[in-house]
$ cat protein_6.cif   # mmCIF, C-alpha atoms
data_data
#
loop_
_atom_site.group_PDB
_atom_site.id
_atom_site.type_symbol
_atom_site.label_atom_id
_atom_site.label_comp_id
_atom_site.auth_asym_id
_atom_site.auth_seq_id
_atom_site.Cartn_x
_atom_site.Cartn_y
_atom_site.Cartn_z
ATOM 1 C CA MET A 1 126.857 -68.483 132.057
ATOM 2 C CA LYS A 2 130.359 -69.697 132.948
ATOM 3 C CA SER A 3 131.813 -72.792 131.295
ATOM 4 C CA PRO A 4 132.702 -75.881 133.372
ATOM 5 C CA SER A 5 136.416 -75.229 132.821
ATOM 6 C CA GLN A 6 135.987 -71.671 134.118
ATOM 7 C CA LYS A 7 134.062 -72.939 137.153
ATOM 8 C CA ILE A 8 136.897 -75.378 137.932
ATOM 9 C CA LYS A 9 139.298 -72.414 137.925
ATOM 10 C CA ASP A 10 136.959 -70.157 139.895
ATOM 11 C CA LEU A 11 136.438 -72.829 142.572
ATOM 12 C CA GLY A 12 140.223 -73.211 142.889
ATOM 13 C CA LEU A 13 139.976 -76.957 142.270
ATOM 14 C CA VAL A 14 143.258 -78.815 141.936
ATOM 15 C CA LEU A 15 143.039 -81.915 139.778
ATOM 16 C CA PRO A 16 145.239 -84.907 140.563
ATOM 17 C CA PRO A 17 147.175 -86.607 137.791
ATOM 18 C CA ALA A 18 144.933 -88.820 135.668
ATOM 19 C CA PRO A 19 145.591 -92.396 136.781
ATOM 20 C CA PRO A 20 146.771 -94.925 134.199
ATOM 21 C CA PRO A 21 144.446 -97.890 133.592
ATOM 22 C CA ALA A 22 144.905 -100.602 136.220
ATOM 23 C CA GLY A 23 144.007 -103.363 133.752
ATOM 24 C CA LEU A 24 142.884 -104.043 130.218
ATOM 25 C CA TYR A 25 140.276 -101.327 129.653
ATOM 26 C CA LYS A 26 139.891 -97.790 128.327
ATOM 27 C CA PRO A 27 139.706 -94.906 130.827
ATOM 28 C CA ILE A 28 137.085 -93.260 128.608
ATOM 29 C CA LEU A 29 135.025 -94.277 125.615
ATOM 30 C CA VAL A 30 132.927 -92.080 123.345
ATOM 31 C CA VAL A 31 129.915 -93.731 121.698
ATOM 32 C CA ASP A 32 127.680 -91.489 119.611
ATOM 33 C CA ASN A 33 127.231 -88.404 121.789
ATOM 34 C CA PHE A 34 127.953 -90.120 125.111
ATOM 35 C CA LEU A 35 131.175 -90.140 127.116
ATOM 36 C CA TYR A 36 131.632 -93.178 129.367
ATOM 37 C CA ILE A 37 134.165 -92.981 132.194
ATOM 38 C CA SER A 38 135.607 -96.156 133.713
ATOM 39 C CA GLY A 39 135.626 -96.481 137.483
ATOM 40 C CA GLN A 40 137.760 -93.765 139.066
ATOM 41 C CA GLY A 41 139.295 -93.939 142.520
ATOM 42 C CA CYS A 42 139.936 -91.242 145.083
ATOM 43 C CA LEU A 43 143.402 -90.211 143.903
ATOM 44 C CA ARG A 44 145.146 -87.389 145.732
ATOM 45 C CA THR A 45 147.325 -84.813 143.977
ATOM 46 C CA ASP A 46 150.436 -86.627 145.280
ATOM 47 C CA GLY A 47 149.408 -89.790 143.391
ATOM 48 C CA THR A 48 148.280 -91.798 146.424
ATOM 49 C CA PHE A 49 144.767 -93.108 146.962
ATOM 50 C CA ILE A 50 142.525 -92.469 149.948
ATOM 51 C CA GLU A 51 142.145 -95.883 151.541
ATOM 52 C CA GLY A 52 139.872 -97.220 154.268
ATOM 53 C CA ARG A 53 136.416 -98.556 155.005
ATOM 54 C CA LEU A 54 133.379 -96.554 155.991
ATOM 55 C CA GLY A 55 131.969 -97.797 159.275
ATOM 56 C CA ASP A 56 135.445 -98.935 160.333
ATOM 57 C CA THR A 57 138.486 -96.718 159.658
ATOM 58 C CA LEU A 58 136.738 -93.782 157.942
ATOM 59 C CA THR A 59 134.023 -91.410 159.134
ATOM 60 C CA LEU A 60 131.103 -90.293 156.997
ATOM 61 C CA ASN A 61 132.777 -86.910 156.408
ATOM 62 C CA GLU A 62 136.041 -88.587 155.379
ATOM 63 C CA GLY A 63 134.084 -90.773 152.957
ATOM 64 C CA LYS A 64 132.337 -87.754 151.496
ATOM 65 C CA GLU A 65 135.719 -86.060 150.993
ATOM 66 C CA ALA A 66 136.982 -89.238 149.287
ATOM 67 C CA ALA A 67 133.991 -89.075 146.923
ATOM 68 C CA LYS A 68 134.770 -85.415 146.201
ATOM 69 C CA GLN A 69 138.366 -86.374 145.457
ATOM 70 C CA THR A 70 137.044 -89.069 143.119
ATOM 71 C CA ALA A 71 135.131 -86.362 141.229
ATOM 72 C CA LEU A 72 138.390 -84.433 140.836
ATOM 73 C CA THR A 73 140.087 -87.599 139.577
ATOM 74 C CA MET A 74 137.287 -88.067 137.044
ATOM 75 C CA LEU A 75 137.663 -84.483 135.826
ATOM 76 C CA ALA A 76 141.416 -85.097 135.447
ATOM 77 C CA THR A 77 140.751 -88.262 133.442
ATOM 78 C CA ILE A 78 138.300 -86.422 131.192
ATOM 79 C CA THR A 79 140.765 -83.570 130.652
ATOM 80 C CA THR A 80 143.680 -85.924 129.934
ATOM 81 C CA HIS A 81 141.959 -88.499 127.728
ATOM 82 C CA PHE A 82 139.116 -86.492 126.176
ATOM 83 C CA GLY A 83 140.519 -82.977 126.321
ATOM 84 C CA ASP A 84 137.698 -80.589 127.036
ATOM 85 C CA VAL A 85 135.131 -80.615 129.858
ATOM 86 C CA ASP A 86 133.316 -77.810 128.045
ATOM 87 C CA ARG A 87 132.137 -80.328 125.428
ATOM 88 C CA ILE A 88 130.070 -82.052 128.133
ATOM 89 C CA LYS A 89 126.383 -81.181 127.989
ATOM 90 C CA ARG A 90 125.271 -83.013 131.113
ATOM 91 C CA LEU A 91 125.939 -85.786 133.593
ATOM 92 C CA VAL A 92 123.585 -88.659 132.781
ATOM 93 C CA LYS A 93 124.386 -91.541 135.168
ATOM 94 C CA THR A 94 126.626 -92.207 138.145
ATOM 95 C CA LEU A 95 127.473 -95.470 139.867
ATOM 96 C CA GLY A 96 129.080 -94.756 143.233
ATOM 97 C CA MET A 97 130.776 -97.608 145.086
ATOM 98 C CA VAL A 98 131.712 -97.264 148.746
ATOM 99 C CA ASN A 99 134.196 -99.503 150.552
ATOM 100 C CA CYS A 100 132.366 -100.202 153.810
ATOM 101 C CA THR A 101 131.388 -102.619 156.516
ATOM 102 C CA PRO A 102 128.167 -104.618 156.099
ATOM 103 C CA GLU A 103 126.545 -102.475 158.814
ATOM 104 C CA PHE A 104 127.236 -99.151 157.072
ATOM 105 C CA LYS A 105 124.048 -97.696 155.576
ATOM 106 C CA ASP A 106 124.856 -94.153 154.420
ATOM 107 C CA HIS A 107 126.247 -94.874 150.938
ATOM 108 C CA PRO A 108 124.167 -92.084 149.308
ATOM 109 C CA LEU A 109 125.518 -89.513 151.773
ATOM 110 C CA VAL A 110 129.090 -90.516 150.915
ATOM 111 C CA ILE A 111 128.516 -90.261 147.160
ATOM 112 C CA ASN A 112 126.978 -86.809 147.686
ATOM 113 C CA GLY A 113 130.581 -85.567 147.882
ATOM 114 C CA TYR A 114 130.933 -86.430 144.186
ATOM 115 C CA SER A 115 127.451 -85.249 143.210
ATOM 116 C CA GLU A 116 127.784 -81.884 144.940
ATOM 117 C CA LEU A 117 131.061 -81.152 143.143
ATOM 118 C CA MET A 118 129.617 -82.141 139.750
ATOM 119 C CA ALA A 119 126.635 -79.853 140.423
ATOM 120 C CA GLN A 120 129.059 -76.995 141.174
ATOM 121 C CA VAL A 121 131.043 -77.587 137.973
ATOM 122 C CA PHE A 122 128.197 -78.341 135.536
ATOM 123 C CA GLY A 123 125.310 -76.591 137.322
ATOM 124 C CA LEU A 124 122.232 -78.064 139.009
ATOM 125 C CA GLU A 125 120.424 -78.585 135.717
ATOM 126 C CA HIS A 126 123.281 -80.407 133.966
ATOM 127 C CA GLY A 127 125.468 -81.680 136.817
ATOM 128 C CA VAL A 128 122.859 -83.880 138.493
ATOM 129 C CA GLY A 129 121.844 -87.125 136.816
ATOM 130 C CA VAL A 130 120.482 -90.496 137.832
ATOM 131 C CA ARG A 131 122.603 -92.285 140.415
ATOM 132 C CA SER A 132 123.198 -95.459 142.353
ATOM 133 C CA ALA A 133 125.255 -95.684 145.535
ATOM 134 C CA VAL A 134 126.242 -99.119 146.811
ATOM 135 C CA GLY A 135 128.584 -100.671 149.327
ATOM 136 C CA MET A 136 131.211 -103.286 148.488
ATOM 137 C CA MET A 137 134.849 -104.236 148.832
ATOM 138 C CA LEU A 138 137.009 -102.165 146.493
ATOM 139 C CA PRO A 139 140.387 -102.975 144.919
ATOM 140 C CA GLY A 140 143.461 -101.834 146.794
ATOM 141 C CA GLY A 141 141.341 -100.884 149.793
ATOM 142 C CA ILE A 142 140.379 -97.539 148.219
ATOM 143 C CA ALA A 143 137.524 -95.752 149.965
ATOM 144 C CA VAL A 144 135.397 -94.829 146.919
ATOM 145 C CA GLU A 145 135.182 -95.715 143.235
ATOM 146 C CA ILE A 146 132.820 -94.016 140.789
ATOM 147 C CA GLU A 147 131.972 -94.550 137.135
ATOM 148 C CA ALA A 148 129.822 -92.214 135.071
ATOM 149 C CA MET A 149 128.222 -91.442 131.742
ATOM 150 C CA PHE A 150 127.961 -87.941 130.270
ATOM 151 C CA GLU A 151 126.079 -86.580 127.276
ATOM 152 C CA LEU A 152 128.173 -84.516 124.862
ATOM 153 C CA TYR A 153 127.134 -81.537 122.786
ATOM 154 C CA LYS A 154 126.613 -82.595 119.179
#
$ encode --input "protein_6.cif" --output "structure tokens"
Amino acid sequence: MKSPSQKIKDLGLVLPPAPPPAGLYKPILVVDNFLYISGQGCLRTDGTFIEGRLGDTLTLNEGKEAAKQTALTMLATITTHFGDVDRIKRLVKTLGMVNCTPEFKDHPLVINGYSELMAQVFGLEHGVGVRSAVGMMLPGGIAVEIEAMFELYK
């Protein structure tokens, strides 16, 4: 079976630069054998964020792509601040936040962009965990923000 880092290469994924913290918090924190990732935005490789609101300025497909880009940002943060995605055993929990209008109802479909990429990188057995997908206003007008928890190999 291929490692997550090999799958990233095989899929031709390009990770953006890991964003610096936007406040007083840690981008990652390891407690026991769990890796917690602070909320990550949809950062492009050029350092800009995907901005907009679902149900207003962004389509469902654009939102899903923003969620996929957020997954890439998270992988970049893990690589930069933790060092090795191959030490991750499985995705445990995801909280997906979607910047949207009050009428927008397809939050889970947007966050699927993140979940599908994690399933490709870590496999269906280990890349799919429990998940919430909610709508809200997000800082800086970014389209998607996601935080997650991973289990590490002991």
$ closest_residue --input "protein_6.cif" --among "A:Val121, A:Gly113, A:Gly135, A:Glu145" --to "Glu62 (chain A)" --atoms "only C-alpha atoms"
A:Gly113
$ resolve_selection --input "protein_6.cif" --expression "the PyMOL selection byres ((chain A and resi 148) around 7)" --output "PyMOL selection string"
chain A and resi 36-37+93-95+146-147+149-150
$ resolve_selection --input "protein_6.cif" --expression "the PyMOL selection byres ((chain A and resi 107) around 12)" --output "PyMOL selection string"
chain A and resi 53-55+59-61+63-64+67+95-106+108-114+131-136+143-145
$ atom_distance --input "protein_6.cif" --atom1 "CA of Gln40 (chain A)" --atom2 "CA of Leu13 (chain A)"
17.3 Å
$ residues_around --input "protein_6.cif" --residues "Asp84 (chain A)" --least-positions-apart "2" --cutoff "12 Å" --atoms "all atoms listed in the file" --output "number ranges by chain"
A: 3-6, 35, 75-82, 86-89, 152-153
$ resolve_selection --input "protein_6.cif" --expression "the PyMOL selection byres ((chain A and resi 141) around 6)" --output "JSON list (two decimals) with C-alpha atoms, keeping the file's coordinate frame"
[["chain", "number", "residue", "atom", "x", "y", "z"],
["A", 51, "GLU", "CA", 142.15, -95.88, 151.54],
["A", 52, "GLY", "CA", 139.87, -97.22, 154.27],
["A", 138, "LEU", "CA", 137.01, -102.16, 146.49],
["A", 139, "PRO", "CA", 140.39, -102.98, 144.92],
["A", 140, "GLY", "CA", 143.46, -101.83, 146.79],
["A", 142, "ILE", "CA", 140.38, -97.54, 148.22]]
$ closest_residue --input "protein_6.cif" --among "A:Ala18, A:Lys154, A:Phe34, A:Ile50" --to "Met74 (chain A)" --atoms "only C-alpha atoms"
A:Ala18
$ atom_distance --input "protein_6.cif" --atom1 "CA of Glu116 (chain A)" --atom2 "CA of Pro20 (chain A)"
25.4 Å
$ atom_distance --input "protein_6.cif" --atom1 "CA of Arg44 (chain A)" --atom2 "CA of Thr70 (chain A)"
8.7 Å
$ closest_residue --input "protein_6.cif" --among "A:Gln69, A:Tyr25, A:Asp10, A:Gly127" --to "Gly41 (chain A)" --atoms "all atoms listed in the file"
A:Gln69
$ closest_residue --input "protein_6.cif" --among "A:Leu91, A:Ile28, A:Cys42, A:Gly12" --to "Lys68 (chain A)" --atoms "all atoms listed in the file"
A:Cys42
$ axis_aligned_box --input "protein_6.cif" --around "region 46-56 of chain A" --padding-each-side "3 Å" --output "JSON"
{"center_x": 141.2, "center_y": -92.8, "center_z": 151.9, "size_x": 24.5, "size_y": 18.3, "size_z": 22.9}
$ closest_residue --input "protein_6.cif" --among "A:Gly39, A:Gly47, A:Gly123, A:Gly83" --to "Lys7 (chain A)" --atoms "only C-alpha atoms"
A:Gly123
$ build_atoms --input "protein_6.cif" --residues "region 132-143 of chain A" --atoms "all heavy atoms" --output "PDB file, in the frame of the given file"
ATOM      1  N   SER A 132     123.258 -94.359 141.397  1.00  0.00           N
ATOM      2  CA  SER A 132     123.198 -95.459 142.353  1.00  0.00           C
ATOM      3  C   SER A 132     124.383 -95.317 143.292  1.00  0.00           C
ATOM      4  O   SER A 132     125.456 -94.869 142.888  1.00  0.00           O
ATOM      5  CB  SER A 132     123.287 -96.815 141.637  1.00  0.00           C
ATOM      6  OG  SER A 132     122.206 -96.982 140.759  1.00  0.00           O
ATOM      7  N   ALA A 133     124.178 -95.705 144.546  1.00  0.00           N
ATOM      8  CA  ALA A 133     125.255 -95.684 145.535  1.00  0.00           C
ATOM      9  C   ALA A 133     125.181 -96.994 146.304  1.00  0.00           C
ATOM     10  O   ALA A 133     124.171 -97.280 146.937  1.00  0.00           O
ATOM     11  CB  ALA A 133     125.101 -94.491 146.480  1.00  0.00           C
ATOM     12  N   VAL A 134     126.243 -97.787 146.211  1.00  0.00           N
ATOM     13  CA  VAL A 134     126.242 -99.119 146.811  1.00  0.00           C
ATOM     14  C   VAL A 134     127.512 -99.339 147.628  1.00  0.00           C
ATOM     15  O   VAL A 134     128.519 -98.675 147.423  1.00  0.00           O
ATOM     16  CB  VAL A 134     126.106-100.211 145.734  1.00  0.00           C
ATOM     17  CG1 VAL A 134     124.781-100.092 144.994  1.00  0.00           C
ATOM     18  CG2 VAL A 134     127.259-100.155 144.740  1.00  0.00           C
ATOM     19  N   GLY A 135     127.438-100.304 148.528  1.00  0.00           N
ATOM     20  CA  GLY A 135     128.584-100.671 149.327  1.00  0.00           C
ATOM     21  C   GLY A 135     129.182-101.976 148.850  1.00  0.00           C
ATOM     22  O   GLY A 135     128.455-102.875 148.411  1.00  0.00           O
ATOM     23  N   MET A 136     130.508-102.081 148.926  1.00  0.00           N
ATOM     24  CA  MET A 136     131.211-103.286 148.488  1.00  0.00           C
ATOM     25  C   MET A 136     132.669-103.195 148.912  1.00  0.00           C
ATOM     26  O   MET A 136     133.102-102.177 149.433  1.00  0.00           O
ATOM     27  CB  MET A 136     131.111-103.450 146.975  1.00  0.00           C
ATOM     28  CG  MET A 136     131.710-102.310 146.172  1.00  0.00           C
ATOM     29  SD  MET A 136     131.556-102.503 144.388  1.00  0.00           S
ATOM     30  CE  MET A 136     129.794-102.505 144.172  1.00  0.00           C
ATOM     31  N   MET A 137     133.398-104.269 148.652  1.00  0.00           N
ATOM     32  CA  MET A 137     134.849-104.236 148.832  1.00  0.00           C
ATOM     33  C   MET A 137     135.452-103.691 147.550  1.00  0.00           C
ATOM     34  O   MET A 137     135.031-104.077 146.457  1.00  0.00           O
ATOM     35  CB  MET A 137     135.380-105.637 149.115  1.00  0.00           C
ATOM     36  CG  MET A 137     134.935-106.179 150.463  1.00  0.00           C
ATOM     37  SD  MET A 137     135.492-107.861 150.764  1.00  0.00           S
ATOM     38  CE  MET A 137     137.257-107.663 150.654  1.00  0.00           C
ATOM     39  N   LEU A 138     136.414-102.792 147.674  1.00  0.00           N
ATOM     40  CA  LEU A 138     137.009-102.165 146.493  1.00  0.00           C
ATOM     41  C   LEU A 138     138.483-102.544 146.365  1.00  0.00           C
ATOM     42  O   LEU A 138     139.164-102.785 147.371  1.00  0.00           O
ATOM     43  CB  LEU A 138     136.850-100.645 146.573  1.00  0.00           C
ATOM     44  CG  LEU A 138     135.408-100.152 146.454  1.00  0.00           C
ATOM     45  CD1 LEU A 138     135.325 -98.658 146.700  1.00  0.00           C
ATOM     46  CD2 LEU A 138     134.818-100.509 145.100  1.00  0.00           C
ATOM     47  N   PRO A 139     138.997-102.577 145.142  1.00  0.00           N
ATOM     48  CA  PRO A 139     140.387-102.975 144.919  1.00  0.00           C
ATOM     49  C   PRO A 139     141.371-102.032 145.608  1.00  0.00           C
ATOM     50  O   PRO A 139     141.160-100.822 145.651  1.00  0.00           O
ATOM     51  CB  PRO A 139     140.541-102.921 143.394  1.00  0.00           C
ATOM     52  CG  PRO A 139     139.411-102.085 142.903  1.00  0.00           C
ATOM     53  CD  PRO A 139     138.311-102.211 143.909  1.00  0.00           C
ATOM     54  N   GLY A 140     142.421-102.624 146.152  1.00  0.00           N
ATOM     55  CA  GLY A 140     143.461-101.834 146.794  1.00  0.00           C
ATOM     56  C   GLY A 140     143.035-101.168 148.083  1.00  0.00           C
ATOM     57  O   GLY A 140     143.760-100.354 148.632  1.00  0.00           O
ATOM     58  N   GLY A 141     141.831-101.485 148.557  1.00  0.00           N
ATOM     59  CA  GLY A 141     141.341-100.884 149.793  1.00  0.00           C
ATOM     60  C   GLY A 141     140.956 -99.417 149.649  1.00  0.00           C
ATOM     61  O   GLY A 141     140.818 -98.714 150.654  1.00  0.00           O
ATOM     62  N   ILE A 142     140.765 -98.940 148.395  1.00  0.00           N
ATOM     63  CA  ILE A 142     140.379 -97.539 148.219  1.00  0.00           C
ATOM     64  C   ILE A 142     139.004 -97.304 148.826  1.00  0.00           C
ATOM     65  O   ILE A 142     138.182 -98.211 148.911  1.00  0.00           O
ATOM     66  CB  ILE A 142     140.423 -97.091 146.740  1.00  0.00           C
ATOM     67  CG1 ILE A 142     139.437 -97.876 145.874  1.00  0.00           C
ATOM     68  CG2 ILE A 142     141.845 -97.177 146.198  1.00  0.00           C
ATOM     69  CD1 ILE A 142     139.324 -97.366 144.444  1.00  0.00           C
ATOM     70  N   ALA A 143     138.754 -96.083 149.251  1.00  0.00           N
ATOM     71  CA  ALA A 143     137.524 -95.752 149.965  1.00  0.00           C
ATOM     72  C   ALA A 143     136.312 -95.650 149.042  1.00  0.00           C
ATOM     73  O   ALA A 143     135.209 -96.054 149.408  1.00  0.00           O
ATOM     74  CB  ALA A 143     137.707 -94.443 150.734  1.00  0.00           C
TER      75      ALA A 143
END
